[in-house]
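Peer 1: Supplied structure: run-v3.pdb, PDB, C-alpha atoms and all ligand atoms.
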```
ATOM      1  CA  MET A   8     -18.096  -6.020 -52.984
ATOM      2  CA  SER A   9     -20.844  -6.092 -55.563
ATOM      3  CA  ILE A  10     -22.326  -9.379 -56.675
ATOM      4  CA  LYS A  11     -24.248  -9.232 -59.890
ATOM      5  CA  ILE A  12     -27.951 -10.004 -59.886
ATOM      6  CA  ASN A  13     -28.757 -11.146 -63.405
ATOM      7  CA  ASN A  14     -31.933  -9.937 -65.091
ATOM      8  CA  TYR A  15     -34.196 -11.887 -67.453
ATOM      9  CA  GLU A  16     -32.112 -11.001 -70.510
ATOM     10  CA  ASP A  17     -28.834 -11.983 -68.790
ATOM     11  CA  ILE A  18     -30.271 -15.301 -67.625
ATOM     12  CA  LYS A  19     -31.673 -16.065 -71.086
ATOM     13  CA  ASN A  20     -28.246 -15.558 -72.657
ATOM     14  CA  ILE A  21     -26.297 -17.441 -69.962
ATOM     15  CA  LYS A  22     -28.724 -20.353 -70.425
ATOM     16  CA  ILE A  23     -27.990 -20.373 -74.167
ATOM     17  CA  VAL A  24     -24.210 -20.515 -73.707
ATOM     18  CA  SER A  25     -24.541 -23.008 -70.838
ATOM     19  CA  ARG A  26     -26.460 -25.341 -73.137
ATOM     20  CA  ILE A  27     -23.537 -25.197 -75.565
ATOM     21  CA  VAL A  28     -21.030 -26.028 -72.806
ATOM     22  CA  HIS A  29     -23.210 -28.970 -71.750
ATOM     23  CA  GLU A  30     -23.465 -30.270 -75.310
ATOM     24  CA  MET A  31     -19.705 -29.888 -75.822
ATOM     25  CA  LEU A  32     -18.964 -31.973 -72.722
ATOM     26  CA  ASN A  33     -21.161 -34.723 -74.206
ATOM     27  CA  TYR A  34     -19.748 -34.333 -77.708
ATOM     28  CA  ILE A  35     -16.093 -34.636 -76.673
ATOM     29  CA  SER A  36     -16.772 -37.900 -74.796
ATOM     30  CA  PHE A  37     -16.962 -39.754 -78.134
ATOM     31  CA  PHE A  38     -13.372 -38.789 -78.981
ATOM     32  CA  ILE A  39     -11.740 -39.872 -75.713
ATOM     33  CA  LYS A  40      -9.949 -43.209 -76.060
ATOM     34  CA  PRO A  41      -6.486 -44.712 -75.636
ATOM     35  CA  GLY A  42      -4.012 -43.330 -78.185
ATOM     36  CA  VAL A  43      -5.570 -39.905 -78.795
ATOM     37  CA  THR A  44      -3.708 -36.781 -77.729
ATOM     38  CA  THR A  45      -5.123 -33.966 -75.643
ATOM     39  CA  GLY A  46      -3.968 -31.651 -78.443
ATOM     40  CA  TYR A  47      -6.374 -33.454 -80.772
ATOM     41  CA  LEU A  48      -9.235 -33.165 -78.263
ATOM     42  CA  ASN A  49      -8.521 -29.430 -78.081
ATOM     43  CA  ASP A  50      -8.744 -29.088 -81.856
ATOM     44  CA  VAL A  51     -12.010 -31.034 -81.995
ATOM     45  CA  CYS A  52     -13.479 -28.635 -79.411
ATOM     46  CA  TYR A  53     -12.099 -25.504 -81.045
ATOM     47  CA  ASN A  54     -13.602 -26.415 -84.416
ATOM     48  CA  ARG A  55     -16.999 -27.365 -83.022
ATOM     49  CA  ILE A  56     -17.288 -24.262 -80.813
ATOM     50  CA  ILE A  57     -16.285 -21.873 -83.606
ATOM     51  CA  ASN A  58     -17.844 -23.441 -86.691
ATOM     52  CA  TYR A  59     -20.959 -25.167 -85.373
ATOM     53  CA  TYR A  60     -21.945 -22.985 -82.402
ATOM     54  CA  LYS A  61     -20.500 -19.693 -83.738
ATOM     55  CA  ALA A  62     -19.203 -19.142 -80.224
ATOM     56  CA  TYR A  63     -15.742 -18.571 -78.736
ATOM     57  CA  PRO A  64     -13.654 -20.778 -76.401
ATOM     58  CA  ALA A  65     -13.198 -18.408 -73.473
ATOM     59  CA  SER A  66      -9.972 -19.951 -72.209
ATOM     60  CA  LEU A  67      -8.172 -19.242 -75.531
ATOM     61  CA  GLY A  68      -6.124 -16.101 -74.856
ATOM     62  CA  TYR A  69      -7.406 -15.754 -71.285
ATOM     63  CA  MET A  70      -4.365 -14.348 -69.457
ATOM     64  CA  ASP A  71      -2.359 -15.687 -72.416
ATOM     65  CA  TYR A  72      -3.618 -19.262 -71.939
ATOM     66  CA  PRO A  73      -2.732 -20.860 -75.300
ATOM     67  CA  LYS A  74      -5.542 -23.405 -75.898
ATOM     68  CA  SER A  75      -9.338 -23.708 -76.128
ATOM     69  CA  ILE A  76      -9.958 -26.194 -73.294
ATOM     70  CA  CYS A  77      -8.149 -27.486 -70.218
ATOM     71  CA  THR A  78      -7.243 -31.188 -70.173
ATOM     72  CA  SER A  79      -6.101 -32.416 -66.758
ATOM     73  CA  VAL A  80      -4.899 -36.031 -66.682
ATOM     74  CA  ASN A  81      -4.423 -38.157 -63.492
ATOM     75  CA  ASP A  82      -2.320 -36.114 -61.029
ATOM     76  CA  VAL A  83      -2.994 -32.877 -62.917
ATOM     77  CA  VAL A  84      -5.278 -30.880 -60.644
ATOM     78  CA  CYS A  85      -6.454 -28.309 -63.219
ATOM     79  CA  HIS A  86      -5.399 -26.080 -66.144
ATOM     80  CA  GLY A  87      -3.601 -28.871 -68.033
ATOM     81  CA  ILE A  88      -2.599 -27.457 -71.426
ATOM     82  CA  PRO A  89      -3.639 -29.711 -74.333
ATOM     83  CA  SER A  90      -0.626 -31.043 -76.232
ATOM     84  CA  TYR A  91       0.083 -33.380 -79.143
ATOM     85  CA  LYS A  92       2.686 -34.961 -76.851
ATOM     86  CA  THR A  93       0.144 -35.990 -74.209
ATOM     87  CA  ILE A  94      -1.194 -39.344 -75.385
ATOM     88  CA  LEU A  95      -4.069 -40.835 -73.392
ATOM     89  CA  LYS A  96      -3.623 -44.409 -72.241
ATOM     90  CA  LYS A  97      -5.887 -47.096 -70.805
ATOM     91  CA  GLY A  98      -6.723 -46.412 -67.152
ATOM     92  CA  ASP A  99      -6.114 -42.655 -67.272
ATOM     93  CA  ILE A 100      -8.688 -40.272 -65.862
ATOM     94  CA  ILE A 101      -9.058 -36.880 -67.499
ATOM     95  CA  ASN A 102     -10.932 -33.715 -66.645
ATOM     96  CA  ILE A 103     -12.065 -31.617 -69.580
ATOM     97  CA  ASP A 104     -12.900 -28.046 -68.654
ATOM     98  CA  ILE A 105     -14.788 -25.982 -71.224
ATOM     99  CA  SER A 106     -15.494 -22.260 -70.902
ATOM    100  CA  ILE A 107     -17.447 -20.602 -73.719
ATOM    101  CA  CYS A 108     -18.451 -17.073 -74.645
ATOM    102  CA  LYS A 109     -21.500 -16.417 -76.856
ATOM    103  CA  ASN A 110     -23.225 -13.029 -77.318
ATOM    104  CA  ASN A 111     -20.797 -11.638 -74.701
ATOM    105  CA  TYR A 112     -22.079 -14.051 -72.038
ATOM    106  CA  TYR A 113     -20.019 -16.803 -70.402
ATOM    107  CA  SER A 114     -20.527 -20.298 -69.058
ATOM    108  CA  ASP A 115     -18.062 -22.766 -67.574
ATOM    109  CA  ALA A 116     -18.236 -26.476 -66.727
ATOM    110  CA  SER A 117     -16.062 -29.540 -66.543
ATOM    111  CA  LYS A 118     -16.288 -33.247 -65.949
ATOM    112  CA  MET A 119     -14.214 -36.403 -65.622
ATOM    113  CA  TYR A 120     -13.825 -39.096 -68.277
ATOM    114  CA  PHE A 121     -12.273 -42.563 -68.118
ATOM    115  CA  VAL A 122      -9.854 -43.688 -70.808
ATOM    116  CA  GLY A 123     -10.573 -47.372 -71.467
ATOM    117  CA  GLU A 124     -11.591 -49.450 -68.439
ATOM    118  CA  PRO A 125     -11.358 -47.469 -65.184
ATOM    119  CA  ASN A 126     -10.148 -48.990 -61.897
ATOM    120  CA  LYS A 127     -12.243 -48.947 -58.736
ATOM    121  CA  LEU A 128     -10.222 -46.230 -57.035
ATOM    122  CA  SER A 129     -10.703 -43.837 -59.956
ATOM    123  CA  ILE A 130     -14.407 -44.572 -60.236
ATOM    124  CA  LYS A 131     -14.890 -43.898 -56.528
ATOM    125  CA  LEU A 132     -12.859 -40.675 -56.526
ATOM    126  CA  CYS A 133     -14.868 -39.319 -59.474
ATOM    127  CA  LYS A 134     -18.239 -40.361 -58.039
ATOM    128  CA  VAL A 135     -17.476 -38.837 -54.655
ATOM    129  CA  THR A 136     -16.260 -35.609 -56.283
ATOM    130  CA  TYR A 137     -19.479 -35.259 -58.289
ATOM    131  CA  ASN A 138     -21.611 -36.172 -55.278
ATOM    132  CA  SER A 139     -19.926 -33.417 -53.267
ATOM    133  CA  ILE A 140     -21.502 -30.893 -55.657
ATOM    134  CA  LEU A 141     -24.908 -32.521 -55.169
ATOM    135  CA  LYS A 142     -24.500 -32.254 -51.381
ATOM    136  CA  ALA A 143     -23.800 -28.522 -51.723
ATOM    137  CA  LEU A 144     -26.710 -27.832 -54.070
ATOM    138  CA  LYS A 145     -29.270 -28.570 -51.350
ATOM    139  CA  TYR A 146     -28.269 -25.409 -49.500
ATOM    140  CA  ILE A 147     -28.647 -23.036 -52.422
ATOM    141  CA  LYS A 148     -31.653 -20.739 -52.058
ATOM    142  CA  PRO A 149     -32.202 -17.047 -51.425
ATOM    143  CA  GLY A 150     -31.449 -16.093 -47.829
ATOM    144  CA  ASN A 151     -29.005 -18.920 -47.097
ATOM    145  CA  LYS A 152     -25.307 -18.256 -46.513
ATOM    146  CA  ILE A 153     -22.986 -18.969 -49.429
ATOM    147  CA  ASN A 154     -20.522 -20.656 -47.078
ATOM    148  CA  LEU A 155     -22.950 -23.578 -46.659
ATOM    149  CA  ILE A 156     -21.498 -24.815 -49.969
ATOM    150  CA  GLY A 157     -18.007 -25.227 -48.514
ATOM    151  CA  LYS A 158     -19.369 -26.727 -45.321
ATOM    152  CA  ALA A 159     -21.450 -29.333 -47.172
ATOM    153  CA  ILE A 160     -18.555 -30.305 -49.445
ATOM    154  CA  GLN A 161     -15.991 -30.611 -46.659
ATOM    155  CA  ASN A 162     -18.282 -32.548 -44.313
ATOM    156  CA  TYR A 163     -18.914 -35.027 -47.120
ATOM    157  CA  ILE A 164     -15.332 -35.329 -48.427
ATOM    158  CA  ASP A 165     -13.839 -35.756 -44.929
ATOM    159  CA  LYS A 166     -15.748 -39.032 -44.578
ATOM    160  CA  PHE A 167     -13.669 -40.541 -47.371
ATOM    161  CA  ASN A 168     -10.334 -39.206 -46.182
ATOM    162  CA  TYR A 169      -9.838 -37.440 -49.490
ATOM    163  CA  SER A 170      -8.513 -33.883 -49.555
ATOM    164  CA  ILE A 171      -9.961 -30.664 -50.970
ATOM    165  CA  VAL A 172      -7.705 -28.394 -53.025
ATOM    166  CA  LYS A 173      -7.690 -24.921 -51.465
ATOM    167  CA  ASP A 174      -5.772 -23.001 -54.149
ATOM    168  CA  TYR A 175      -8.691 -22.819 -56.628
ATOM    169  CA  CYS A 176     -12.319 -21.947 -56.131
ATOM    170  CA  GLY A 177     -15.660 -21.416 -57.855
ATOM    171  CA  HIS A 178     -16.635 -17.975 -59.072
ATOM    172  CA  GLY A 179     -19.421 -15.718 -60.199
ATOM    173  CA  ILE A 180     -19.886 -15.826 -63.984
ATOM    174  CA  GLY A 181     -21.955 -14.025 -66.602
ATOM    175  CA  LYS A 182     -20.688 -10.958 -68.454
ATOM    176  CA  LYS A 183     -17.164 -12.111 -67.588
ATOM    177  CA  LEU A 184     -15.662 -15.577 -67.095
ATOM    178  CA  HIS A 185     -14.653 -14.795 -63.529
ATOM    179  CA  GLU A 186     -16.753 -12.478 -61.382
ATOM    180  CA  GLU A 187     -17.304 -12.086 -57.673
ATOM    181  CA  PRO A 188     -17.900 -13.862 -55.381
ATOM    182  CA  HIS A 189     -15.291 -16.554 -54.712
ATOM    183  CA  ILE A 190     -17.008 -19.851 -53.938
ATOM    184  CA  LEU A 191     -14.808 -21.814 -51.525
ATOM    185  CA  HIS A 192     -15.137 -25.600 -51.410
ATOM    186  CA  TYR A 193     -14.078 -25.999 -47.782
ATOM    187  CA  ILE A 194     -15.308 -24.700 -44.423
ATOM    188  CA  ASN A 195     -14.988 -20.903 -44.359
ATOM    189  CA  ASN A 196     -16.588 -17.842 -42.805
ATOM    190  CA  CYS A 197     -17.601 -15.852 -45.863
ATOM    191  CA  ASP A 198     -20.838 -14.129 -44.764
ATOM    192  CA  LEU A 199     -22.416 -13.457 -48.164
ATOM    193  CA  ILE A 200     -26.011 -14.527 -48.765
ATOM    194  CA  PHE A 201     -27.565 -16.152 -51.861
ATOM    195  CA  LYS A 202     -29.909 -13.875 -53.785
ATOM    196  CA  GLU A 203     -32.246 -14.736 -56.650
ATOM    197  CA  GLY A 204     -30.482 -14.107 -59.975
ATOM    198  CA  MET A 205     -26.934 -14.826 -58.826
ATOM    199  CA  ILE A 206     -24.990 -17.116 -61.166
ATOM    200  CA  PHE A 207     -21.779 -18.838 -60.123
ATOM    201  CA  THR A 208     -19.778 -22.022 -60.542
ATOM    202  CA  ILE A 209     -19.136 -24.827 -58.078
ATOM    203  CA  GLU A 210     -15.992 -26.720 -59.052
ATOM    204  CA  PRO A 211     -14.462 -28.769 -56.248
ATOM    205  CA  ILE A 212     -11.088 -30.437 -56.893
ATOM    206  CA  ILE A 213     -10.631 -33.553 -54.775
ATOM    207  CA  ASN A 214      -7.354 -35.468 -54.313
ATOM    208  CA  LEU A 215      -6.651 -39.001 -53.093
ATOM    209  CA  GLY A 216      -3.578 -37.723 -51.222
ATOM    210  CA  THR A 217      -2.486 -34.275 -50.110
ATOM    211  CA  PHE A 218      -4.404 -31.101 -51.008
ATOM    212  CA  LYS A 219      -1.103 -29.378 -51.814
ATOM    213  CA  THR A 220      -0.465 -28.375 -55.413
ATOM    214  CA  LYS A 221       2.363 -26.981 -57.533
ATOM    215  CA  ILE A 222       2.404 -25.143 -60.850
ATOM    216  CA  MET A 223       4.605 -26.597 -63.611
ATOM    217  CA  LYS A 224       7.191 -24.685 -65.665
ATOM    218  CA  ASP A 225       4.658 -24.040 -68.439
ATOM    219  CA  GLY A 226       3.068 -21.547 -66.024
ATOM    220  CA  TRP A 227      -0.366 -23.243 -66.109
ATOM    221  CA  THR A 228      -0.425 -26.974 -65.448
ATOM    222  CA  VAL A 229      -1.202 -27.614 -61.768
ATOM    223  CA  LYS A 230      -0.293 -30.974 -60.203
ATOM    224  CA  THR A 231      -0.628 -32.612 -56.790
ATOM    225  CA  VAL A 232       2.743 -32.403 -55.024
ATOM    226  CA  ASP A 233       2.559 -36.116 -54.060
ATOM    227  CA  LYS A 234       1.504 -37.232 -57.589
ATOM    228  CA  SER A 235      -1.791 -38.557 -56.209
ATOM    229  CA  LEU A 236      -4.874 -38.755 -58.410
ATOM    230  CA  SER A 237      -7.090 -35.672 -58.642
ATOM    231  CA  ALA A 238     -10.680 -35.224 -59.861
ATOM    232  CA  GLN A 239     -12.875 -32.190 -60.550
ATOM    233  CA  TYR A 240     -16.399 -31.484 -61.755
ATOM    234  CA  GLU A 241     -17.811 -28.036 -62.420
ATOM    235  CA  HIS A 242     -21.309 -26.684 -63.009
ATOM    236  CA  THR A 243     -22.648 -23.183 -63.638
ATOM    237  CA  ILE A 244     -25.605 -22.592 -61.324
ATOM    238  CA  LEU A 245     -28.425 -20.040 -61.095
ATOM    239  CA  VAL A 246     -30.104 -19.058 -57.817
ATOM    240  CA  THR A 247     -33.887 -19.126 -58.408
ATOM    241  CA  ASN A 248     -36.684 -17.708 -56.229
ATOM    242  CA  ASN A 249     -36.862 -20.890 -54.155
ATOM    243  CA  GLY A 250     -33.678 -22.826 -54.884
ATOM    244  CA  TYR A 251     -31.322 -23.300 -57.785
ATOM    245  CA  GLU A 252     -31.066 -24.440 -61.365
ATOM    246  CA  ILE A 253     -28.043 -26.230 -62.855
ATOM    247  CA  LEU A 254     -27.469 -24.437 -66.168
ATOM    248  CA  THR A 255     -24.769 -26.724 -67.536
TER
HETATM  249  N1  LIG B   1     -12.433 -23.060 -66.675
HETATM  250  C1  LIG B   1     -11.504 -22.596 -65.681
HETATM  251  C2  LIG B   1     -12.323 -22.217 -64.469
HETATM  252  O1  LIG B   1     -12.996 -23.056 -63.977
HETATM  253  C3  LIG B   1     -10.680 -21.459 -66.179
HETATM  254  C4  LIG B   1     -10.285 -21.603 -67.583
HETATM  255  S1  LIG B   1      -9.340 -20.279 -68.060
HETATM  256  C5  LIG B   1      -7.848 -20.945 -68.352
HETATM  257  O2  LIG B   1     -12.384 -21.131 -63.991
HETATM  258  F1  LIG B   1      -7.176 -20.011 -68.892
HETATM  259  F2  LIG B   1      -7.338 -21.391 -67.244
HETATM  260  F3  LIG B   1      -8.014 -21.947 -69.175
HETATM  261 CO    CO B   2     -14.666 -22.113 -63.421
END
```
Could the structure of this file be written out as structure tokens, please?

Peer 2:
Amino acid sequence: MSIKINNYEDIKNIKIVSRIVHEMLNYISFFIKPGVTTGYLNDVCYNRIINYYKAYPASLGYMDYPKSICTSVNDVVCHGIPSYKTILKKGDIINIDISICKNNYYSDASKMYFVGEPNKLSIKLCKVTYNSILKALKYIKPGNKINLIGKAIQNYIDKFNYSIVKDYCGHGIGKKLHEEPHILHYINNCDLIFKEGMIFTIEPIINLGTFKTKIMKDGWTVKTVDKSLSAQYEHTILVTNNGYEILT
């Protein structure tokens, strides 16, 4: 297995596209409110990415995925396809996942948004999911084992009795959207080591109920089998000489 070590030029370009992903995740927040459709949010993103940033939404056409972002509402775990039929309502939680390509370099990130006033359970699930990334970050530096990420996330999440989805994982990223290695979000015995210049995503999906998921008939939308609420955050991260840098 060969894990890419990015050079100065690679890192410069991945930082540029990561900045765009970050700005898009801020930009779209202003459009999320009760009554709007996820299809509309998709179109807002498509137009901004193409016309303003002169970049390309990497999910569009990826393995025939039909839209420019993923919009995963409530019990949708990931890969929700934006639709004009999906109307957001007060109390929903939604993950927006944005992958962008610019100058042939990729970046990928996602976050949770509340539609109207959130309830306490949703707020806590989202906070804990984001915090699980922060717990993992502490272990990222050259020489450490990559599996410390999964260990840190699981040790933290177990305290809340939430579950960690095992069917999807983080990934190397750079010249392609998905590169090696796989970054697992639960305890595992992968023996790879962090090296300066590696770039990868951490993107834990945390459920209130079971970790088990199923794919819907559209071939993409993934839901919890027990219809429990699911949350995910994702960052693209660079390994530096003495730690890490969050690029998104
Ligand atoms: N952004 C997703 C990830 O985290 C993948 C998007 S590609 C799609 O890897 F086709 F599923 F949209
Ligand atoms: Co990703």

Peer 1: My list of candidates is A:Asn195, A:Thr44, A:Asn168, A:Ser117. Which is closest to ligand CO 2 (chain B) when distances are computed with all atoms listed in the file?

Peer 2: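 Ranked by minimum distance to ligand CO 2 (chain B), first place goes to A:Ser117.
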
Peer 1: Can you spell out as a ChimeraX atom specification the set of residues that the PyMOL selection byres (((not hetatm)) within 7 of (chain B and resi 2)) selects in the structure I just provided?

Peer 2: /A:115-116,177-178,208,210,241

Peer 1: Starting from the PyMOL selection byres (((chain A and resi 18) around 12) and not hetatm), expand the selection into actual residues of this file and give them as JSON, numbers by chain.

Peer 2: {"A": [11, 12, 13, 14, 15, 16, 17, 19, 20, 21, 22, 23, 24, 25, 112, 113, 114, 180, 181, 182, 203, 204, 205, 206, 207, 243, 244, 245, 246, 247, 252, 254]}

Peer 1: Apply the PyMOL selection byres (((chain A and resi 79) around 12) and not hetatm) to the file shown and report the selected residues as a VMD selection string.

Peer 2: chain A and resid 45 to 46 48 to 49 76 to 78 80 to 90 93 95 99 to 105 117 to 121 212 227 to 231 236 to 240

Peer 1: Pick out the closest residue to Met31 in chain A from this set: A:Pro211, A:Pro64, A:Gly226, A:Gly150. Count all atoms listed in the file.

Peer 2: A:Pro64

Peer 1: May I have the residues within 8 Å of Leu199 in chain A as a list of chain:residue names, using only C-alpha atoms and disregarding those fewer than 6 positions away in the same chain?

Peer 2: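 The residues that qualify are A:Lys152, A:Ile153, A:Asn154.
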
Peer 1: Which is closest to ligand LIG 1 (chain B) among A:His192, A:Lys96, A:Lys74, A:Lys158, if we use all atoms listed in the file?

Peer 2: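 That would be A:Lys74, the residue with the smallest distance to ligand LIG 1 (chain B).
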
Peer 1: Enclose the full set of atoms of ligand LIG 1 (chain B) listed in the file within a box whose edges lie along x, y and z, apply 4 Å of padding to each of the six sides, and report centre and edge lengths in Å to one decimal as lines of an AutoDock Vina configuration file.

Peer 2:
```
center_x = -10.1
center_y = -21.5
center_z = -66.6
size_x = 13.8
size_y = 11.0
size_z = 13.2
```
